[in-house]
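*Asks:* The structure that follows is given in the form of structure tokens.
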Amino acid sequence: MAKLKTGRHTSAIKAWRKSEKLASKNRGVKTRIHDAAKEFGALVGKKDVENAQKMLPKAYALLDKAAKSGTIHWKAAARKKSRLSARIKAIAQNPSVK
């Protein structure tokens, strides 16, 4: 296809459209991860160990899927998973400490 009257190439327009769609998808994934981490943090704050342990695999799944699709780096996902497990381990071993 030839250039449009505006002087932009159609391939550039298509690439822009694609990047907008992917950015929107990635934003949704990151929002779900953030919300899950926040909910997990609230459970840890209440020292609700059993519900936090039920929530942990769901958070892990979100992080793994995001890393698999390239939304976040795999090492970032591993770091976040490690921090989540460290928080739950801390309240499981010593419920009096935050």
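In the structure tokens, chains take the letters A, B, ... in the order shown, each chain's residues start at 1, and ligands count up from 1 in the order shown.
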Hey, what's within 12 Å of A:Asn51 if we count only C-alpha atoms and toss same-chain stuff fewer than 4 positions away? As number ranges by chain, please?
*Replies:* A: 39-47, 55-58, 88, 92
*Asks:* Write a file of the selected residues as an mmCIF file, in the first residue's frame, keeping C-alpha atoms.
*Replies:*
```cif
data_model
loop_
_atom_site.group_PDB
_atom_site.id
_atom_site.type_symbol
_atom_site.label_atom_id
_atom_site.label_comp_id
_atom_site.auth_asym_id
_atom_site.auth_seq_id
_atom_site.Cartn_x
_atom_site.Cartn_y
_atom_site.Cartn_z
ATOM 1 C CA GLU A 39 -4.863 -8.377 48.685
ATOM 2 C CA PHE A 40 -2.127 -10.759 49.834
ATOM 3 C CA GLY A 41 -0.499 -7.935 51.811
ATOM 4 C CA ALA A 42 -3.806 -7.173 53.505
ATOM 5 C CA LEU A 43 -4.145 -10.818 54.555
ATOM 6 C CA VAL A 44 -0.584 -10.836 55.872
ATOM 7 C CA GLY A 45 -1.270 -7.588 57.715
ATOM 8 C CA LYS A 46 -4.244 -9.219 59.454
ATOM 9 C CA LYS A 47 -2.041 -12.257 60.139
ATOM 10 C CA MET A 55 -3.926 -16.852 47.910
ATOM 11 C CA LEU A 56 -0.234 -17.605 47.284
ATOM 12 C CA PRO A 57 -0.678 -20.095 44.382
ATOM 13 C CA LYS A 58 -3.016 -17.664 42.616
ATOM 14 C CA ILE A 88 4.087 -15.457 54.684
ATOM 15 C CA ALA A 92 3.853 -18.241 60.037
#
```
*Asks:* What separation in Å, quoted to one decimal, exists between atom CA of A:Lys81 and atom CA of A:Ile33?
*Replies:* 11.0 Å
*Asks:* Between A:Arg27, A:Lys54, A:Tyr60, A:Glu20, which residue has the minimum interatomic distance to A:Arg83, considering only C-alpha atoms?
*Replies:*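 So, comparing all the options, the nearest one is A:Tyr60.
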*Asks:* Can you pull out every residue within 12 Å of A:Gly70, counting only C-alpha atoms, but drop anything in the same chain fewer than 4 positions away, and send it as a list in words?
*Replies:* Leu22, Ala23, Lys25, Asn26, Val29, Lys30, Leu63, Asp64, Lys65, Ala66, Trp74, Lys75, Ala76 and Ala77 of chain A
*Asks:* Any chance you could export the current selection's N, CA and C atoms as a compact mmCIF listing (two decimals), in the first residue's frame?
*Replies:*
```
# COMPACT_ATOMS: atom_id res chain seq x y z
N LEU A 22 -1.09 -4.09 22.56
CA LEU A 22 -0.24 -4.86 23.47
C LEU A 22 -0.02 -4.13 24.80
N ALA A 23 0.14 -2.81 24.73
CA ALA A 23 0.34 -2.03 25.95
C ALA A 23 -0.90 -2.11 26.84
N LYS A 25 -3.06 -4.60 26.94
CA LYS A 25 -3.10 -5.96 27.50
C LYS A 25 -2.11 -6.09 28.66
N ASN A 26 -0.90 -5.59 28.46
CA ASN A 26 0.13 -5.66 29.51
C ASN A 26 -0.28 -4.87 30.74
N VAL A 29 -2.65 -6.96 32.79
CA VAL A 29 -1.95 -8.04 33.50
C VAL A 29 -1.24 -7.49 34.72
N LYS A 30 -0.54 -6.36 34.54
CA LYS A 30 0.19 -5.75 35.65
C LYS A 30 -0.76 -5.27 36.75
N LEU A 63 1.97 -14.26 38.26
CA LEU A 63 3.35 -13.85 37.99
C LEU A 63 4.00 -14.73 36.92
N ASP A 64 3.77 -16.04 37.01
CA ASP A 64 4.36 -16.96 36.04
C ASP A 64 3.81 -16.72 34.63
N LYS A 65 2.51 -16.47 34.54
CA LYS A 65 1.91 -16.22 33.23
C LYS A 65 2.42 -14.90 32.64
N ALA A 66 2.58 -13.90 33.49
CA ALA A 66 3.09 -12.62 33.02
C ALA A 66 4.53 -12.75 32.53
N TRP A 74 11.36 -12.46 33.75
CA TRP A 74 11.25 -13.67 34.56
C TRP A 74 11.96 -13.53 35.90
N LYS A 75 13.03 -12.74 35.94
CA LYS A 75 13.71 -12.54 37.22
C LYS A 75 12.90 -11.62 38.13
N ALA A 76 12.17 -10.70 37.56
CA ALA A 76 11.28 -9.83 38.35
C ALA A 76 10.16 -10.67 38.96
N ALA A 77 9.64 -11.61 38.17
CA ALA A 77 8.58 -12.50 38.68
C ALA A 77 9.12 -13.36 39.82
```
*Asks:* One number please: atom CA of A:His34 to atom CA of A:Arg79, in Å, one decimal.
*Replies:* 14.1 Å
*Asks:* Got a sec to tell me which of chain A DSSP assigns to alpha helix (DSSP H), as a compact mmCIF listing (two decimals) with N, CA and C atoms, in the first residue's frame?
*Replies:*
```txt
# COMPACT_ATOMS: atom_id res chain seq x y z
N THR A 10 1.76 3.23 5.96
CA THR A 10 0.71 2.41 6.56
C THR A 10 1.30 1.40 7.54
N SER A 11 2.52 0.93 7.29
CA SER A 11 3.13 -0.04 8.19
C SER A 11 3.38 0.60 9.57
N ALA A 12 3.72 1.88 9.56
CA ALA A 12 3.95 2.58 10.83
C ALA A 12 2.63 2.73 11.58
N ILE A 13 1.57 2.97 10.86
CA ILE A 13 0.25 3.10 11.49
C ILE A 13 -0.17 1.77 12.09
N LYS A 14 0.08 0.68 11.35
CA LYS A 14 -0.27 -0.66 11.85
C LYS A 14 0.58 -1.01 13.08
N ALA A 15 1.85 -0.66 13.05
CA ALA A 15 2.74 -0.94 14.18
C ALA A 15 2.29 -0.17 15.41
N TRP A 16 1.87 1.07 15.23
CA TRP A 16 1.37 1.88 16.34
C TRP A 16 0.11 1.26 16.93
N ARG A 17 -0.79 0.83 16.03
CA ARG A 17 -2.03 0.18 16.48
C ARG A 17 -1.73 -1.08 17.29
N LYS A 18 -0.79 -1.86 16.83
CA LYS A 18 -0.40 -3.09 17.51
C LYS A 18 0.23 -2.80 18.87
N SER A 19 1.08 -1.79 18.93
CA SER A 19 1.74 -1.46 20.19
C SER A 19 0.73 -0.96 21.22
N GLU A 20 -0.28 -0.21 20.77
CA GLU A 20 -1.33 0.25 21.67
C GLU A 20 -2.12 -0.92 22.25
N LYS A 21 -2.43 -1.89 21.41
CA LYS A 21 -3.19 -3.06 21.85
C LYS A 21 -2.39 -3.88 22.86
N LEU A 22 -1.09 -4.09 22.56
CA LEU A 22 -0.24 -4.86 23.47
C LEU A 22 -0.02 -4.13 24.80
N ALA A 23 0.14 -2.81 24.73
CA ALA A 23 0.34 -2.03 25.95
C ALA A 23 -0.90 -2.11 26.84
N SER A 24 -2.07 -2.10 26.22
CA SER A 24 -3.32 -2.20 26.97
C SER A 24 -3.42 -3.56 27.66
N LYS A 25 -3.06 -4.60 26.94
CA LYS A 25 -3.10 -5.96 27.50
C LYS A 25 -2.11 -6.09 28.66
N ASN A 26 -0.90 -5.59 28.46
CA ASN A 26 0.13 -5.66 29.51
C ASN A 26 -0.28 -4.87 30.74
N ARG A 27 -0.93 -3.72 30.53
CA ARG A 27 -1.38 -2.91 31.65
C ARG A 27 -2.41 -3.67 32.48
N GLY A 28 -3.29 -4.41 31.82
CA GLY A 28 -4.29 -5.21 32.53
C GLY A 28 -3.65 -6.31 33.35
N VAL A 29 -2.65 -6.96 32.79
CA VAL A 29 -1.95 -8.04 33.50
C VAL A 29 -1.24 -7.49 34.72
N LYS A 30 -0.54 -6.36 34.54
CA LYS A 30 0.19 -5.75 35.65
C LYS A 30 -0.76 -5.27 36.75
N THR A 31 -1.93 -4.80 36.36
CA THR A 31 -2.93 -4.37 37.33
C THR A 31 -3.42 -5.55 38.16
N ARG A 32 -3.66 -6.69 37.50
CA ARG A 32 -4.11 -7.88 38.22
C ARG A 32 -3.04 -8.36 39.21
N ILE A 33 -1.77 -8.28 38.80
CA ILE A 33 -0.67 -8.68 39.69
C ILE A 33 -0.63 -7.74 40.89
N HIS A 34 -0.73 -6.45 40.63
CA HIS A 34 -0.68 -5.45 41.70
C HIS A 34 -1.84 -5.66 42.69
N ASP A 35 -3.03 -5.90 42.16
CA ASP A 35 -4.20 -6.10 43.02
C ASP A 35 -4.06 -7.37 43.86
N ALA A 36 -3.54 -8.44 43.26
CA ALA A 36 -3.34 -9.69 43.99
C ALA A 36 -2.32 -9.51 45.10
N ALA A 37 -1.24 -8.78 44.81
CA ALA A 37 -0.20 -8.54 45.82
C ALA A 37 -0.75 -7.68 46.96
N LYS A 38 -1.60 -6.72 46.61
CA LYS A 38 -2.21 -5.86 47.63
C LYS A 38 -3.15 -6.66 48.54
N GLU A 39 -3.94 -7.53 47.92
CA GLU A 39 -4.86 -8.38 48.69
C GLU A 39 -4.07 -9.33 49.59
N PHE A 40 -2.99 -9.88 49.05
CA PHE A 40 -2.13 -10.76 49.83
C PHE A 40 -1.52 -10.00 51.01
N GLY A 41 -1.07 -8.77 50.75
CA GLY A 41 -0.50 -7.93 51.81
C GLY A 41 -1.51 -7.63 52.89
N ALA A 42 -2.76 -7.43 52.52
CA ALA A 42 -3.81 -7.17 53.50
C ALA A 42 -4.02 -8.40 54.38
N LEU A 43 -3.99 -9.58 53.78
CA LEU A 43 -4.14 -10.82 54.56
C LEU A 43 -2.96 -11.02 55.50
N VAL A 44 -1.78 -10.72 55.02
CA VAL A 44 -0.58 -10.84 55.87
C VAL A 44 -0.65 -9.82 57.00
N GLY A 45 -1.14 -8.63 56.70
CA GLY A 45 -1.27 -7.59 57.71
C GLY A 45 -2.23 -7.99 58.83
N VAL A 49 -3.05 -16.36 58.16
CA VAL A 49 -2.08 -17.22 57.49
C VAL A 49 -2.76 -18.20 56.53
N GLU A 50 -3.87 -18.82 56.94
CA GLU A 50 -4.47 -19.85 56.09
C GLU A 50 -5.04 -19.26 54.79
N ASN A 51 -5.67 -18.10 54.86
CA ASN A 51 -6.18 -17.48 53.63
C ASN A 51 -5.04 -16.94 52.77
N ALA A 52 -3.99 -16.47 53.41
CA ALA A 52 -2.82 -15.99 52.66
C ALA A 52 -2.16 -17.15 51.92
N GLN A 53 -2.10 -18.32 52.56
CA GLN A 53 -1.52 -19.49 51.91
C GLN A 53 -2.38 -19.97 50.75
N LYS A 54 -3.69 -19.77 50.85
CA LYS A 54 -4.58 -20.11 49.74
C LYS A 54 -4.40 -19.13 48.58
N MET A 55 -4.09 -17.90 48.92
CA MET A 55 -3.93 -16.85 47.91
C MET A 55 -2.59 -16.97 47.18
N LEU A 56 -1.59 -17.55 47.83
CA LEU A 56 -0.23 -17.61 47.28
C LEU A 56 -0.16 -18.29 45.91
N PRO A 57 -0.76 -19.47 45.71
CA PRO A 57 -0.68 -20.10 44.38
C PRO A 57 -1.32 -19.26 43.27
N LYS A 58 -2.37 -18.52 43.61
CA LYS A 58 -3.02 -17.66 42.62
C LYS A 58 -2.08 -16.53 42.20
N ALA A 59 -1.40 -15.95 43.19
CA ALA A 59 -0.44 -14.88 42.89
C ALA A 59 0.74 -15.44 42.08
N TYR A 60 1.20 -16.64 42.44
CA TYR A 60 2.28 -17.28 41.70
C TYR A 60 1.88 -17.49 40.25
N ALA A 61 0.65 -17.95 40.03
CA ALA A 61 0.18 -18.22 38.68
C ALA A 61 0.14 -16.94 37.84
N LEU A 62 -0.33 -15.86 38.45
CA LEU A 62 -0.37 -14.58 37.73
C LEU A 62 1.03 -14.14 37.33
N LEU A 63 1.97 -14.26 38.26
CA LEU A 63 3.35 -13.85 37.99
C LEU A 63 4.00 -14.73 36.92
N ASP A 64 3.77 -16.04 37.01
CA ASP A 64 4.36 -16.96 36.04
C ASP A 64 3.81 -16.72 34.63
N LYS A 65 2.51 -16.47 34.54
CA LYS A 65 1.91 -16.22 33.23
C LYS A 65 2.42 -14.90 32.64
N ALA A 66 2.58 -13.90 33.49
CA ALA A 66 3.09 -12.62 33.02
C ALA A 66 4.53 -12.75 32.53
N ALA A 67 5.33 -13.54 33.24
CA ALA A 67 6.72 -13.75 32.84
C ALA A 67 6.79 -14.57 31.55
N LYS A 68 5.91 -15.55 31.43
CA LYS A 68 5.90 -16.40 30.25
C LYS A 68 5.56 -15.61 28.98
N SER A 69 4.63 -14.68 29.12
CA SER A 69 4.22 -13.88 27.96
C SER A 69 5.15 -12.70 27.70
N TRP A 74 11.36 -12.46 33.75
CA TRP A 74 11.25 -13.67 34.56
C TRP A 74 11.96 -13.53 35.90
N LYS A 75 13.03 -12.74 35.94
CA LYS A 75 13.71 -12.54 37.22
C LYS A 75 12.90 -11.62 38.13
N ALA A 76 12.17 -10.70 37.56
CA ALA A 76 11.28 -9.83 38.35
C ALA A 76 10.16 -10.67 38.96
N ALA A 77 9.64 -11.61 38.17
CA ALA A 77 8.58 -12.50 38.68
C ALA A 77 9.12 -13.36 39.82
N ALA A 78 10.33 -13.88 39.65
CA ALA A 78 10.95 -14.71 40.68
C ALA A 78 11.19 -13.91 41.96
N ARG A 79 11.62 -12.66 41.80
CA ARG A 79 11.87 -11.80 42.96
C ARG A 79 10.57 -11.51 43.71
N LYS A 80 9.51 -11.22 42.97
CA LYS A 80 8.22 -10.93 43.61
C LYS A 80 7.68 -12.17 44.33
N LYS A 81 7.83 -13.34 43.70
CA LYS A 81 7.37 -14.59 44.32
C LYS A 81 8.16 -14.86 45.60
N SER A 82 9.45 -14.60 45.56
CA SER A 82 10.29 -14.82 46.72
C SER A 82 9.89 -13.90 47.87
N ARG A 83 9.58 -12.66 47.56
CA ARG A 83 9.19 -11.72 48.60
C ARG A 83 7.83 -12.08 49.20
N LEU A 84 6.92 -12.57 48.37
CA LEU A 84 5.62 -12.99 48.89
C LEU A 84 5.79 -14.17 49.85
N SER A 85 6.59 -15.15 49.44
CA SER A 85 6.78 -16.32 50.30
C SER A 85 7.54 -15.96 51.58
N ALA A 86 8.46 -15.00 51.49
CA ALA A 86 9.19 -14.57 52.69
C ALA A 86 8.24 -13.91 53.69
N ARG A 87 7.28 -13.13 53.18
CA ARG A 87 6.33 -12.46 54.08
C ARG A 87 5.44 -13.48 54.79
N ILE A 88 4.97 -14.48 54.06
CA ILE A 88 4.09 -15.46 54.68
C ILE A 88 4.87 -16.35 55.64
N LYS A 89 6.12 -16.62 55.31
CA LYS A 89 6.96 -17.43 56.19
C LYS A 89 7.24 -16.69 57.49
N ALA A 90 7.44 -15.38 57.40
CA ALA A 90 7.72 -14.58 58.59
C ALA A 90 6.55 -14.58 59.56
N ILE A 91 5.32 -14.45 59.05
CA ILE A 91 4.18 -14.43 59.98
C ILE A 91 3.80 -15.84 60.43
N ALA A 92 4.14 -16.86 59.64
CA ALA A 92 3.85 -18.24 60.04
C ALA A 92 4.76 -18.66 61.18
N GLN A 93 6.03 -18.24 61.13
CA GLN A 93 6.98 -18.61 62.18
C GLN A 93 6.78 -17.79 63.44
```
